[in-house]
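Containing compact mmCIF, C-alpha atoms: structure_37.txt.
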# COMPACT_ATOMS: atom_id res chain seq x y z
CA MET A 23 29.89 -63.48 -3.65
CA THR A 24 27.73 -61.27 -5.85
CA GLY A 25 25.63 -63.17 -8.32
CA ALA A 26 25.96 -66.53 -6.54
CA ARG A 27 23.02 -67.67 -4.45
CA LEU A 28 23.40 -70.77 -2.33
CA ALA A 29 20.19 -72.70 -1.75
CA GLU A 30 19.77 -74.91 1.29
CA GLY A 31 20.32 -78.56 0.59
CA THR A 32 22.37 -78.09 -2.58
CA ASN A 33 25.32 -80.27 -3.45
CA PRO A 34 28.45 -78.57 -2.05
CA MET A 35 30.61 -79.82 -4.92
CA ALA A 36 28.15 -78.54 -7.51
CA THR A 37 27.90 -75.24 -5.70
CA GLU A 38 31.68 -74.88 -5.59
CA ASP A 39 31.87 -75.70 -9.31
CA ARG A 40 29.27 -73.02 -10.13
CA MET A 41 31.13 -70.46 -8.04
CA GLN A 42 34.39 -71.30 -9.83
CA ARG A 43 32.71 -70.89 -13.22
CA TYR A 44 31.23 -67.58 -12.10
CA GLU A 45 34.60 -66.35 -10.85
CA GLY A 46 36.18 -67.42 -14.14
CA HIS A 47 33.53 -65.50 -16.05
CA VAL A 48 34.19 -62.39 -13.96
CA GLU A 49 37.94 -62.80 -14.49
CA ARG A 50 37.49 -63.07 -18.26
CA ARG A 51 35.43 -59.88 -18.21
CA ARG A 52 38.31 -58.19 -16.43
CA ILE A 53 40.86 -59.51 -18.93
CA VAL A 54 38.93 -58.31 -22.00
CA PRO A 55 38.72 -54.49 -21.94
CA SER A 56 35.26 -52.97 -22.08
CA ALA A 57 36.15 -51.16 -25.31
CA LEU A 58 36.58 -54.54 -27.04
CA ARG A 59 33.57 -56.18 -25.38
CA ALA A 60 31.11 -53.43 -26.28
CA PRO A 61 30.13 -54.62 -29.82
CA PHE A 62 29.29 -58.08 -28.52
CA GLU A 63 27.45 -57.20 -25.33
CA GLY A 64 23.71 -57.51 -25.06
CA ARG A 65 23.40 -53.91 -23.92
CA THR A 66 24.82 -52.61 -27.21
CA TRP A 67 22.44 -54.70 -29.28
CA ARG A 68 19.43 -53.69 -27.20
CA GLU A 69 20.36 -50.04 -27.59
CA PHE A 70 20.88 -50.59 -31.32
CA TRP A 71 17.36 -51.94 -31.70
CA TYR A 72 16.04 -49.09 -29.59
CA VAL A 73 17.60 -46.60 -32.03
CA MET A 74 16.27 -48.55 -35.02
CA LEU A 75 12.73 -48.62 -33.63
CA SER A 76 12.87 -44.95 -32.69
CA LEU A 77 12.44 -43.81 -36.29
CA PRO A 78 9.11 -45.53 -37.09
CA VAL A 79 7.75 -44.76 -33.63
CA SER A 80 8.82 -41.12 -33.90
CA ILE A 81 7.30 -40.77 -37.37
CA ILE A 82 3.92 -41.88 -36.02
CA PHE A 83 4.32 -39.81 -32.86
CA PHE A 84 5.43 -36.69 -34.73
CA THR A 85 2.76 -37.01 -37.42
CA PHE A 86 0.01 -37.42 -34.85
CA ALA A 87 1.21 -34.48 -32.76
CA VAL A 88 1.70 -32.07 -35.67
CA THR A 89 -1.57 -33.03 -37.35
CA THR A 90 -3.76 -32.79 -34.26
CA VAL A 91 -2.15 -29.63 -32.90
CA SER A 92 -2.38 -27.94 -36.32
CA LEU A 93 -6.01 -28.99 -36.57
CA SER A 94 -6.75 -27.62 -33.12
CA ALA A 95 -4.98 -24.35 -33.99
CA GLY A 96 -7.10 -24.01 -37.11
CA LEU A 97 -10.26 -24.67 -35.12
CA LEU A 98 -9.44 -22.36 -32.24
CA ILE A 99 -11.60 -19.70 -33.89
CA THR A 100 -14.42 -21.94 -32.73
CA PHE A 101 -14.65 -23.74 -29.42
CA VAL A 102 -14.03 -27.09 -31.13
CA GLY A 103 -10.29 -26.40 -31.19
CA VAL A 104 -10.00 -26.64 -27.40
CA PRO A 105 -11.18 -30.26 -27.02
CA VAL A 106 -9.17 -31.23 -30.11
CA LEU A 107 -6.05 -29.80 -28.47
CA ALA A 108 -6.86 -31.66 -25.25
CA ALA A 109 -7.27 -34.89 -27.24
CA ALA A 110 -3.91 -34.23 -28.94
CA LEU A 111 -2.19 -33.83 -25.60
CA ALA A 112 -3.91 -36.95 -24.22
CA GLY A 113 -2.71 -38.89 -27.27
CA CYS A 114 0.83 -37.66 -26.67
CA ARG A 115 0.59 -38.93 -23.11
CA ALA A 116 -0.45 -42.34 -24.44
CA PHE A 117 2.53 -42.38 -26.81
CA GLY A 118 4.69 -41.40 -23.85
CA ALA A 119 3.60 -44.55 -22.00
CA LEU A 120 4.74 -46.56 -25.03
CA GLU A 121 8.11 -44.80 -25.02
CA ARG A 122 8.60 -45.44 -21.31
CA SER A 123 7.85 -49.13 -21.83
CA ARG A 124 10.29 -49.28 -24.75
CA ALA A 125 12.99 -47.56 -22.67
CA ARG A 126 12.34 -49.97 -19.80
CA LEU A 127 12.66 -52.99 -22.08
CA LEU A 128 15.62 -51.97 -24.25
CA LEU A 129 17.47 -49.25 -22.32
CA ASP A 130 16.98 -50.69 -18.84
CA LEU A 131 15.62 -47.28 -17.85
CA ASP A 132 12.72 -47.36 -15.40
CA VAL A 133 10.93 -44.02 -15.57
CA ASP A 134 7.87 -43.50 -13.38
CA SER A 135 4.63 -42.39 -14.95
CA PRO A 136 3.96 -38.66 -14.71
CA GLU A 137 1.54 -37.31 -12.18
CA PRO A 138 -2.04 -38.32 -13.08
CA LEU A 139 -4.65 -35.86 -14.23
CA ARG A 140 -6.79 -34.50 -11.42
CA PRO A 141 -10.01 -33.05 -12.86
CA ARG A 142 -12.14 -31.22 -10.31
CA SER A 143 -15.26 -33.13 -11.36
CA ASN A 144 -16.34 -35.94 -13.65
CA GLY A 145 -17.42 -33.72 -16.52
CA LEU A 146 -15.78 -33.40 -19.93
CA MET A 147 -14.89 -29.75 -19.43
CA SER A 148 -13.16 -30.53 -16.16
CA TRP A 149 -11.09 -33.25 -17.86
CA ILE A 150 -10.16 -30.88 -20.71
CA GLY A 151 -9.05 -28.27 -18.19
CA ALA A 152 -6.94 -30.81 -16.32
CA VAL A 153 -5.22 -31.94 -19.53
CA LEU A 154 -4.45 -28.40 -20.64
CA LYS A 155 -3.17 -27.35 -17.21
CA SER A 156 -0.91 -30.37 -16.82
CA GLY A 157 2.73 -29.52 -17.47
CA SER A 158 3.37 -33.19 -18.19
CA SER A 159 1.02 -33.07 -21.17
CA TRP A 160 2.97 -30.24 -22.75
CA ARG A 161 6.28 -31.99 -22.05
CA HIS A 162 4.98 -35.03 -23.94
CA LEU A 163 4.11 -32.78 -26.88
CA LEU A 164 7.58 -31.23 -26.75
CA TYR A 165 9.12 -34.72 -26.75
CA SER A 166 7.19 -35.68 -29.89
CA LEU A 167 8.52 -32.60 -31.70
CA LEU A 168 12.13 -32.89 -30.54
CA HIS A 169 12.55 -36.62 -30.79
CA PHE A 170 11.67 -36.91 -34.48
CA PRO A 171 14.72 -35.07 -35.89
CA TRP A 172 16.89 -36.77 -33.31
CA ALA A 173 15.52 -40.19 -34.30
CA VAL A 174 16.20 -39.49 -37.99
CA THR A 175 19.77 -38.47 -37.22
CA SER A 176 20.55 -41.37 -34.89
CA PHE A 177 18.90 -43.93 -37.19
CA THR A 178 20.84 -42.76 -40.23
CA VAL A 179 24.23 -42.51 -38.52
CA VAL A 180 23.97 -45.70 -36.49
CA LEU A 181 22.55 -47.91 -39.23
CA THR A 182 25.10 -46.72 -41.80
CA ALA A 183 28.08 -47.08 -39.49
CA TRP A 184 26.93 -50.39 -37.96
CA LEU A 185 26.24 -52.11 -41.29
CA THR A 186 29.41 -50.71 -42.84
CA GLY A 187 31.55 -51.86 -39.92
CA TRP A 188 30.20 -55.40 -39.80
CA SER A 189 30.28 -55.71 -43.60
CA LEU A 190 33.95 -54.75 -43.70
CA LEU A 191 34.79 -56.92 -40.70
CA LEU A 192 33.23 -59.99 -42.31
CA TYR A 193 34.44 -59.14 -45.83
CA PRO A 194 36.64 -62.26 -46.22
CA LEU A 195 33.56 -64.43 -45.65
CA TRP A 196 31.40 -62.93 -48.39
CA ARG A 197 33.98 -61.71 -50.97
CA TRP A 198 33.27 -64.83 -53.07
CA MET A 199 30.00 -63.21 -54.15
CA PHE A 200 31.84 -60.67 -56.34
CA PRO A 201 33.53 -63.12 -58.78
CA THR A 202 30.52 -65.42 -58.66
CA TYR A 203 27.75 -62.94 -59.42
CA TRP A 204 29.33 -59.66 -60.56
CA ASP A 205 32.39 -60.85 -62.46
CA GLN A 206 34.88 -58.79 -60.46
CA PRO A 207 37.49 -59.92 -57.91
CA GLY A 208 36.23 -57.85 -54.99
CA ILE A 209 35.07 -54.45 -53.82
CA MET A 210 36.20 -51.72 -56.22
CA ILE A 211 37.65 -48.79 -54.33
CA TYR A 212 38.85 -46.89 -57.41
CA GLY A 213 38.12 -46.97 -61.15
CA ASP A 214 38.48 -44.42 -63.92
CA GLY A 215 36.34 -46.27 -66.46
CA LYS A 216 39.36 -47.08 -68.59
CA ASP A 217 42.27 -49.26 -67.56
CA THR A 218 42.91 -48.23 -63.94
CA GLU A 219 40.88 -50.20 -61.40
CA LEU A 220 41.67 -51.06 -57.79
CA PHE A 221 39.94 -53.97 -56.05
CA LEU A 222 40.21 -55.37 -52.54
CA ASP A 223 41.13 -58.92 -53.49
CA THR A 224 44.56 -59.82 -52.10
CA PRO A 225 44.92 -61.46 -48.66
CA PHE A 226 46.62 -58.36 -47.28
CA GLU A 227 43.90 -56.06 -48.59
CA MET A 228 41.16 -58.30 -47.22
CA ALA A 229 42.89 -58.39 -43.81
CA ALA A 230 43.26 -54.61 -43.84
CA THR A 231 39.56 -54.31 -44.71
CA SER A 232 38.64 -56.52 -41.74
CA VAL A 233 40.82 -54.45 -39.43
CA ALA A 234 39.15 -51.26 -40.66
CA GLY A 235 35.76 -52.91 -40.17
CA LEU A 236 36.68 -53.93 -36.63
CA ALA A 237 37.72 -50.37 -35.80
CA THR A 238 34.44 -49.07 -37.26
CA VAL A 239 32.43 -51.60 -35.24
CA LEU A 240 34.21 -50.67 -32.02
CA VAL A 241 33.68 -46.96 -32.58
CA THR A 242 30.07 -47.46 -33.61
CA ALA A 243 29.31 -49.50 -30.49
CA TRP A 244 30.22 -46.54 -28.32
CA LEU A 245 28.45 -44.22 -30.73
CA ILE A 246 25.29 -46.27 -30.17
CA ARG A 247 25.70 -45.88 -26.44
CA GLY A 248 26.12 -42.14 -26.86
CA PHE A 249 22.90 -41.85 -28.86
CA ALA A 250 21.12 -44.07 -26.32
CA TYR A 251 22.39 -41.87 -23.50
CA VAL A 252 20.75 -38.84 -25.09
CA ASP A 253 17.54 -40.86 -25.48
CA ARG A 254 17.68 -41.70 -21.79
CA ILE A 255 17.94 -38.01 -20.94
CA MET A 256 14.99 -37.12 -23.17
CA VAL A 257 12.76 -39.90 -21.84
CA SER A 258 13.52 -39.29 -18.17
CA GLY A 259 13.44 -35.50 -18.52
CA LEU A 260 10.30 -35.09 -20.63
CA LEU A 261 8.20 -38.22 -20.15
CA GLY A 262 8.61 -38.76 -16.40
CA PRO A 263 7.16 -36.90 -13.45
CA SER A 264 8.37 -33.38 -12.85
CA LYS A 265 10.77 -32.61 -10.03
CA LEU A 266 8.00 -30.70 -8.28
CA ALA A 267 5.63 -33.67 -8.51
CA GLU A 268 8.32 -36.02 -7.20
CA ARG A 269 8.92 -33.66 -4.31
CA VAL A 270 5.20 -33.50 -3.55
CA VAL A 271 4.99 -37.30 -3.47
CA GLU A 272 8.06 -37.44 -1.25
CA LEU A 273 6.60 -34.85 1.12
CA GLU A 274 3.27 -36.71 1.23
CA SER A 275 5.13 -39.87 2.17
CA ASP A 276 7.17 -38.03 4.78
CA ARG A 277 4.00 -36.48 6.18
CA GLY A 278 2.51 -39.94 6.59
CA ILE A 279 5.64 -41.11 8.41
CA VAL A 280 5.53 -38.08 10.72
CA VAL A 281 1.83 -38.65 11.48
CA ASP A 282 2.41 -42.33 12.19
CA THR A 283 5.40 -41.53 14.38
CA ALA A 284 3.45 -38.91 16.34
CA ALA A 285 0.57 -41.35 16.83
CA ALA A 286 2.97 -44.05 18.02
CA ASP A 287 4.58 -41.60 20.46
CA LEU A 288 1.18 -40.61 21.83
CA ARG A 289 0.27 -44.27 22.32
CA ARG A 290 3.59 -44.89 24.07
CA ILE A 291 3.07 -41.90 26.40
CA GLU A 292 -0.48 -43.03 27.17
CA ARG A 293 0.70 -46.58 27.86
CA ASP A 294 3.54 -45.38 30.10
CA LEU A 295 1.20 -43.13 32.05
CA HIS A 296 -1.44 -45.83 32.40
CA ASP A 297 0.91 -48.65 33.34
CA GLY A 298 3.39 -46.60 35.36
CA ALA A 299 2.72 -43.36 37.14
CA GLN A 300 -1.08 -43.61 36.98
CA ALA A 301 -1.11 -47.10 38.50
CA ARG A 302 1.25 -46.00 41.26
CA LEU A 303 -0.85 -42.92 42.03
CA VAL A 304 -3.99 -45.07 42.27
CA ALA A 305 -2.21 -47.43 44.65
CA LEU A 306 -0.94 -44.40 46.61
CA ALA A 307 -4.50 -43.04 46.99
CA MET A 308 -5.71 -46.41 48.27
CA ASP A 309 -2.81 -46.69 50.75
CA LEU A 310 -3.45 -43.19 52.06
CA GLY A 311 -7.14 -43.99 52.44
CA LEU A 312 -6.36 -47.09 54.49
CA ALA A 313 -3.81 -45.14 56.55
CA LYS A 314 -6.46 -42.51 57.29
CA GLU A 315 -8.85 -45.18 58.59
CA LYS A 316 -6.14 -46.71 60.81
CA LEU A 317 -4.80 -43.38 62.05
CA LEU A 318 -6.87 -43.47 65.28
CA GLU A 319 -7.10 -47.25 65.74
CA ASP A 320 -3.48 -48.23 65.02
CA PRO A 321 -1.15 -45.24 64.64
CA ASP A 322 1.94 -47.41 64.16
CA ALA A 323 0.39 -49.31 61.23
CA ALA A 324 -0.84 -46.01 59.77
CA ALA A 325 2.66 -44.54 60.03
CA ALA A 326 4.10 -47.58 58.23
CA MET A 327 1.54 -47.24 55.46
CA VAL A 328 2.30 -43.52 55.11
CA ASP A 329 6.01 -44.39 54.88
CA GLU A 330 5.28 -46.88 52.08
CA ALA A 331 3.15 -44.28 50.33
CA HIS A 332 6.05 -41.84 50.55
CA GLY A 333 8.25 -44.34 48.75
CA GLU A 334 5.60 -44.82 46.07
CA VAL A 335 5.47 -41.03 45.57
CA LYS A 336 9.23 -40.94 44.96
CA ILE A 337 9.00 -43.77 42.42
CA ALA A 338 6.03 -42.11 40.67
CA LEU A 339 7.93 -38.81 40.48
CA GLN A 340 10.94 -40.56 38.96
CA GLU A 341 8.75 -42.25 36.35
CA LEU A 342 7.16 -38.90 35.50
CA ARG A 343 10.64 -37.37 35.13
CA ASP A 344 11.68 -40.20 32.82
CA LEU A 345 8.51 -39.77 30.80
CA ALA A 346 9.05 -36.01 30.53
CA ARG A 347 12.64 -36.65 29.47
CA GLY A 348 11.33 -39.00 26.78
CA ILE A 349 9.02 -36.26 25.47
CA HIS A 350 11.59 -33.48 25.51
CA PRO A 351 14.37 -33.26 28.10
CA ALA A 352 14.71 -29.99 29.95
CA VAL A 353 18.50 -30.17 29.79
CA LEU A 354 18.32 -30.10 26.00
CA THR A 355 16.31 -26.89 26.03
CA ASP A 356 18.44 -25.26 28.71
CA ARG A 357 21.98 -26.35 27.83
CA GLY A 358 21.93 -27.82 24.31
CA LEU A 359 23.11 -31.03 22.71
CA ASP A 360 26.44 -31.34 24.50
CA ALA A 361 24.95 -31.57 27.99
CA ALA A 362 21.89 -33.55 26.84
CA LEU A 363 23.95 -36.18 25.03
CA SER A 364 26.34 -36.46 27.96
CA SER A 365 23.32 -37.20 30.14
CA VAL A 366 22.16 -39.90 27.70
CA ALA A 367 25.66 -41.40 27.57
CA SER A 368 25.83 -41.61 31.37
CA ARG A 369 22.80 -43.94 31.35
CA CYS A 370 24.31 -46.32 28.77
CA THR A 371 25.51 -49.70 30.04
CA VAL A 372 28.92 -49.31 28.34
CA PRO A 373 31.39 -46.42 28.65
CA VAL A 374 30.62 -43.74 26.07
CA SER A 375 32.84 -40.83 25.04
CA VAL A 376 30.94 -37.80 23.75
CA ASP A 377 32.46 -35.15 21.48
CA VAL A 378 30.16 -32.32 20.40
CA ASP A 379 31.83 -29.68 18.23
CA LEU A 380 29.18 -27.02 17.47
CA ASP A 381 29.70 -23.29 17.49
CA SER A 382 25.95 -22.61 17.59
CA ARG A 383 22.69 -24.46 18.09
CA PRO A 384 20.55 -25.81 15.24
CA ALA A 385 16.78 -25.41 15.06
CA ALA A 386 14.97 -26.78 18.09
CA ALA A 387 13.20 -29.47 16.05
CA ILE A 388 16.49 -30.68 14.51
CA GLU A 389 18.13 -30.58 17.92
CA GLY A 390 15.37 -32.77 19.33
CA ILE A 391 15.63 -35.27 16.47
CA ALA A 392 19.41 -35.43 16.95
CA TYR A 393 18.94 -36.08 20.66
CA PHE A 394 16.46 -38.90 20.18
CA THR A 395 18.58 -40.38 17.37
CA VAL A 396 21.60 -40.68 19.64
CA SER A 397 19.40 -41.90 22.49
CA GLU A 398 17.95 -44.72 20.39
CA LEU A 399 21.34 -45.69 18.95
CA LEU A 400 22.86 -45.90 22.43
CA GLN A 401 19.94 -48.03 23.55
CA ASN A 402 20.77 -50.42 20.71
CA VAL A 403 24.38 -50.43 21.88
CA SER A 404 23.26 -51.33 25.41
CA LYS A 405 20.84 -54.06 24.32
CA HIS A 406 22.38 -55.74 21.28
CA SER A 407 25.99 -54.80 20.59
CA ARG A 408 27.92 -56.58 23.39
CA ALA A 409 30.37 -53.73 23.08
CA ARG A 410 33.05 -52.69 25.59
CA LYS A 411 32.98 -49.02 24.63
CA ALA A 412 31.15 -46.59 22.37
CA THR A 413 31.66 -43.13 20.94
CA VAL A 414 29.34 -40.26 20.01
CA GLU A 415 30.57 -37.47 17.74
CA VAL A 416 28.51 -34.47 16.61
CA TRP A 417 29.72 -31.73 14.30
CA ARG A 418 28.53 -29.32 11.65
CA SER A 419 29.44 -29.66 7.98
CA GLU A 420 28.25 -26.58 6.06
CA ASN A 421 24.45 -26.67 6.34
CA ARG A 422 24.23 -30.22 7.70
CA LEU A 423 24.34 -31.58 11.25
CA MET A 424 26.46 -34.74 11.34
CA ILE A 425 26.10 -37.43 14.02
CA GLN A 426 28.25 -40.52 14.30
CA VAL A 427 27.76 -43.27 16.88
CA GLY A 428 30.26 -46.12 16.95
CA ASP A 429 30.94 -49.17 19.08
CA ASP A 430 33.35 -52.11 19.14
CA GLY A 431 30.64 -54.74 19.50
CA GLN A 432 29.66 -57.80 17.46
CA GLY A 433 28.28 -55.86 14.47
CA GLY A 434 25.67 -57.23 12.10
CA ALA A 435 23.28 -54.26 12.33
CA ASP A 436 21.16 -53.88 9.21
CA VAL A 437 18.87 -50.97 8.42
CA THR A 438 16.93 -53.08 5.87
CA ALA A 439 16.06 -55.88 8.30
CA GLY A 440 12.92 -54.19 9.62
CA SER A 441 14.56 -53.37 12.97
CA GLY A 442 14.46 -50.15 14.96
CA LEU A 443 17.10 -48.77 12.60
CA ALA A 444 14.58 -48.90 9.75
CA GLY A 445 12.11 -46.80 11.73
CA LEU A 446 14.89 -44.40 12.67
CA ALA A 447 15.88 -44.06 9.02
CA GLU A 448 12.26 -43.22 8.12
CA ARG A 449 12.13 -40.55 10.81
CA LEU A 450 15.30 -38.94 9.55
CA ASP A 451 14.07 -39.14 5.97
CA SER A 452 10.95 -37.22 6.95
CA VAL A 453 13.12 -34.15 7.57
CA ASP A 454 15.48 -34.72 4.61
CA GLY A 455 17.94 -36.59 6.78
CA VAL A 456 20.03 -39.66 5.97
CA LEU A 457 21.04 -42.69 8.03
CA ALA A 458 24.04 -44.80 6.95
CA VAL A 459 25.01 -48.01 8.77
CA ASP A 460 28.40 -49.69 8.45
CA SER A 461 28.26 -52.83 10.58
CA PRO A 462 30.11 -55.88 9.27
CA VAL A 463 29.63 -59.14 11.15
CA GLY A 464 32.18 -59.16 13.94
CA GLY A 465 32.18 -55.38 14.21
CA PRO A 466 32.89 -52.62 14.66
CA THR A 467 29.67 -50.71 14.00
CA THR A 468 29.49 -47.11 12.82
CA VAL A 469 26.14 -45.38 12.33
CA THR A 470 26.21 -41.97 10.68
CA ALA A 471 23.17 -39.68 10.69
CA GLU A 472 22.96 -36.51 8.64
CA LEU A 473 20.34 -33.84 9.32
CA PRO A 474 19.65 -30.41 7.82
CA TRP A 475 20.94 -27.63 10.06
CA ARG A 476 18.02 -25.17 9.81
CA GLY A 477 19.45 -22.95 12.48
Render the structure in this file as structure tokens.
Amino acid sequence: MTGARLAEGTNPMATEDRMQRYEGHVERRRIVPSALRAPFEGRTWREFWYVMLSLPVSIIFFTFAVTTVSLSAGLLITFVGVPVLAAALAGCRAFGALERSRARLLLDLDVDSPEPLRPRSNGLMSWIGAVLKSGSSWRHLLYSLLHFPWAVTSFTVVLTAWLTGWSLLLYPLWRWMFPTYWDQPGIMIYGDGKDTELFLDTPFEMAATSVAGLATVLVTAWLIRGFAYVDRIMVSGLLGPSKLAERVVELESDRGIVVDTAAADLRRIERDLHDGAQARLVALAMDLGLAKEKLLEDPDAAAAMVDEAHGEVKIALQELRDLARGIHPAVLTDRGLDAALSSVASRCTVPVSVDVDLDSRPAAAIEGIAYFTVSELLQNVSKHSRARKATVEVWRSENRLMIQVGDDGQGGADVTAGSGLAGLAERLDSVDGVLAVDSPVGGPTTVTAELPWRG
């Protein structure tokens, strides 16, 4: 149950009571429509205070930006204008950090800091050049100029509508102030200065005023969310990292994963050679040496030793074939995914049906990743699934290569548990691929991998 955490050793009755209260709370939220809940939810009030604080913050931000940039423009005839402009942009970046913190606190919007400045050296001129070349600095300046008129508009509209709505809604509670302090029965909605005056003072009129106030409050709550939505767009679009910078960070991370994976593969190949084929070849050389010494003294014993060495050669050759297949199988290069995956399926401990529907071959690198993805997934089926059968399906969807491996085993596979699936997901992510696991406890399990085609 979402939102309910059961700690070990807790009282079962108390736990059941908490779960019932939680379910009742969820049910009440379903009964009351969101349109009616909005004015009373914490989100609306946080966004309201965000809009209210935007005006004073924007006034300071806008004044600083306009003043410093104007000063730098006036001083550009001398060299002093350049460092003043750099200081203005640096100040805008500092204000941007404040805005991101305010959005994180009140709008529940977590925007990463923009890419840091990278001056080529430690000197002042290098820092000035880095500030002026940074696109993020200019986006912060643009935000300071655009957000001020928006903050004035949102502050005026929201504050007027919000106070008006709540004042009308609660009018029956504070109407007594009119006869007590202003010597009139209620709010005057019409008066010609002579004999015609219309006040909101009867029970029906006060009820109608409250209904109008409730409608205003409901509309204003969603109006607040609309203004806050625009603020979210401005903060995330202008004060966060650029799409290019995000892509660079992502590629740097992917490069690290690829390097680590390649290093791990090299260590695995070295270990397999050292512990497998190399050890057998060393033993073979020793056996042949002993057989050579016994060839004249005891031909029968020498023949037996040569026969054993022949068996060791066969085993060493098989291990070398398996190792070469683990690096890149020849059948994949020669005949493509269909034949290669059929070969992998034949080595699985459970029956596997393979269906490859491709009218052409993808890029060799993508083909290799697809092969090893299916190979590792079928190994998991053999080792952990306790399945009776499995399926492998491969097809093309526009510019993506789709792979789906399913089994009828016990389920419970989790890509976030730090298992081999997590490493497989990282490998696919390094080439803009995606791994999705659907494995409820009790099964069945379906793992879907998506790779770029790049044919």
Exercise for review: Enter the distance from CA of Pro462 in chain A to CA of Gly428 in chain A, in Å, rounded to one decimal.
Suggested key: 12.4 Å
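Using only C-alpha atoms, the shortest contact distance between Glu63 in chain A and any of A:Arg247, A:Val463, A:Leu97, A:Asp454 is found at A:Arg247.
Between CA of Ser368 in chain A and CA of Ser397 in chain A the separation is 11.0 Å.
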